[in-house]
Amino acid sequence: MGRNPMRAAVTLCAAAALAVPLGTASAAPSAQPAARTQQTQDPVLVDCSGQPQIGPDSYILACGDGNSRLVALRWFRWDPQAAVGRGTNAVNDCDPYCAAGAFHSYPVTVRLDMPTGGEQGTGERHFTRITLTYTDGRPDGSPRTVTYPLPG
């Protein structure tokens, strides 16, 4: 009988040792849904491949050929109603044709707005409109402010 109490004590110690990591592991998943919920509250920007993004540092405006893109983006607002940032619009002049053209850079203020309710497309709320305001120069023939619909 001397062996049985010892075996029981070893078994209990082993069970207690296993319970500690399990308790820690079970606490971690409960923290993840809170973070996920926070991310899904703000609308996303859907890129050309249909991937949702929050606060990207670049974004292709001309999905078909890549001849207009936003680069060096810095966002100072991103909330449920709108996102606002600054960056550079790199635009191909397509002269004499796009493959031989040169890219020119224009500083812009970028505004994303008109978020959806999240019922279509990616299933997440996403911005449906982008407005660029050129702050120093602009592509030939372009107005100072341009607005485009966004994919989603």
# chains A, B, ... in the order shown; residues from 1 in each chain; ligands from 1

call {"tool": "residues_around", "arguments": {"residues": "region 87-102 of chain A", "least_positions_apart": "5", "cutoff": "6 Å", "atoms": "only C-alpha atoms", "output": "number ranges by chain"}}
result
A: 67-73, 107-108

call {"tool": "write_last_selection", "arguments": {"atoms": "C-alpha atoms", "output": "PDB file, in the first residue's frame"}}
result
ATOM      1  CA  ASN A  67      -0.228  52.853 -64.466  1.00  0.00           C
ATOM      2  CA  SER A  68      -1.552  54.832 -61.501  1.00  0.00           C
ATOM      3  CA  ARG A  69      -0.718  53.915 -57.923  1.00  0.00           C
ATOM      4  CA  LEU A  70      -0.501  55.482 -54.515  1.00  0.00           C
ATOM      5  CA  VAL A  71       2.801  55.078 -52.704  1.00  0.00           C
ATOM      6  CA  ALA A  72       4.370  56.241 -49.433  1.00  0.00           C
ATOM      7  CA  LEU A  73       0.921  56.444 -47.828  1.00  0.00           C
ATOM      8  CA  PRO A 107       1.762  64.610 -53.746  1.00  0.00           C
ATOM      9  CA  VAL A 108      -1.851  63.915 -52.772  1.00  0.00           C
TER      10      VAL A 108
END

call {"tool": "residues_around", "arguments": {"residues": "region 126-134 of chain A", "least_positions_apart": "2", "cutoff": "8 Å", "atoms": "only C-alpha atoms", "output": "ChimeraX atom specification"}}
result
/A:43-46,52,82,106-118,124,136-138,144-152

call {"tool": "write_last_selection", "arguments": {"atoms": "C-alpha atoms", "output": "PDB file, in the first residue's frame"}}
result
ATOM      1  CA  PRO A  43     -14.036  49.473 -42.873  1.00  0.00           C
ATOM      2  CA  VAL A  44     -11.261  48.053 -45.022  1.00  0.00           C
ATOM      3  CA  LEU A  45      -9.794  49.114 -48.350  1.00  0.00           C
ATOM      4  CA  VAL A  46     -10.137  46.292 -50.888  1.00  0.00           C
ATOM      5  CA  PRO A  52      -8.956  43.678 -47.475  1.00  0.00           C
ATOM      6  CA  ALA A  82     -13.680  57.638 -43.354  1.00  0.00           C
ATOM      7  CA  TYR A 106       2.377  64.000 -57.462  1.00  0.00           C
ATOM      8  CA  PRO A 107       1.762  64.610 -53.746  1.00  0.00           C
ATOM      9  CA  VAL A 108      -1.851  63.915 -52.772  1.00  0.00           C
ATOM     10  CA  THR A 109      -4.242  63.899 -49.880  1.00  0.00           C
ATOM     11  CA  VAL A 110      -6.307  60.698 -49.955  1.00  0.00           C
ATOM     12  CA  ARG A 111      -9.806  60.298 -48.538  1.00  0.00           C
ATOM     13  CA  LEU A 112     -11.710  57.009 -48.365  1.00  0.00           C
ATOM     14  CA  ASP A 113     -15.401  57.125 -47.521  1.00  0.00           C
ATOM     15  CA  MET A 114     -18.909  55.791 -48.182  1.00  0.00           C
ATOM     16  CA  PRO A 115     -18.390  52.482 -46.326  1.00  0.00           C
ATOM     17  CA  THR A 116     -20.733  49.572 -47.042  1.00  0.00           C
ATOM     18  CA  GLY A 117     -22.614  47.616 -44.428  1.00  0.00           C
ATOM     19  CA  GLY A 118     -20.451  44.551 -45.175  1.00  0.00           C
ATOM     20  CA  GLU A 124     -16.461  43.038 -44.372  1.00  0.00           C
ATOM     21  CA  ASP A 136       1.534  70.235 -55.681  1.00  0.00           C
ATOM     22  CA  GLY A 137       1.156  69.648 -59.415  1.00  0.00           C
ATOM     23  CA  ARG A 138      -1.071  67.060 -61.089  1.00  0.00           C
ATOM     24  CA  ARG A 144      -7.167  69.247 -58.679  1.00  0.00           C
ATOM     25  CA  THR A 145      -9.612  66.821 -57.003  1.00  0.00           C
ATOM     26  CA  VAL A 146     -10.682  63.476 -58.502  1.00  0.00           C
ATOM     27  CA  THR A 147     -13.078  60.865 -57.134  1.00  0.00           C
ATOM     28  CA  TYR A 148     -13.246  57.197 -58.109  1.00  0.00           C
ATOM     29  CA  PRO A 149     -15.446  54.282 -57.064  1.00  0.00           C
ATOM     30  CA  LEU A 150     -13.576  51.497 -55.268  1.00  0.00           C
ATOM     31  CA  PRO A 151     -13.825  47.741 -55.883  1.00  0.00           C
ATOM     32  CA  GLY A 152     -15.418  45.638 -53.267  1.00  0.00           C
TER      33      GLY A 152
END

call {"tool": "atom_distance", "arguments": {"atom1": "CA of Ser142 (chain A)", "atom2": "CA of Ile54 (chain A)"}}
result
27.5 Å

call {"tool": "atom_distance", "arguments": {"atom1": "CA of Val84 (chain A)", "atom2": "CA of Ala62 (chain A)"}}
result
19.8 Å

call {"tool": "atom_distance", "arguments": {"atom1": "CA of Gly64 (chain A)", "atom2": "CA of Ser49 (chain A)"}}
result
10.9 Å
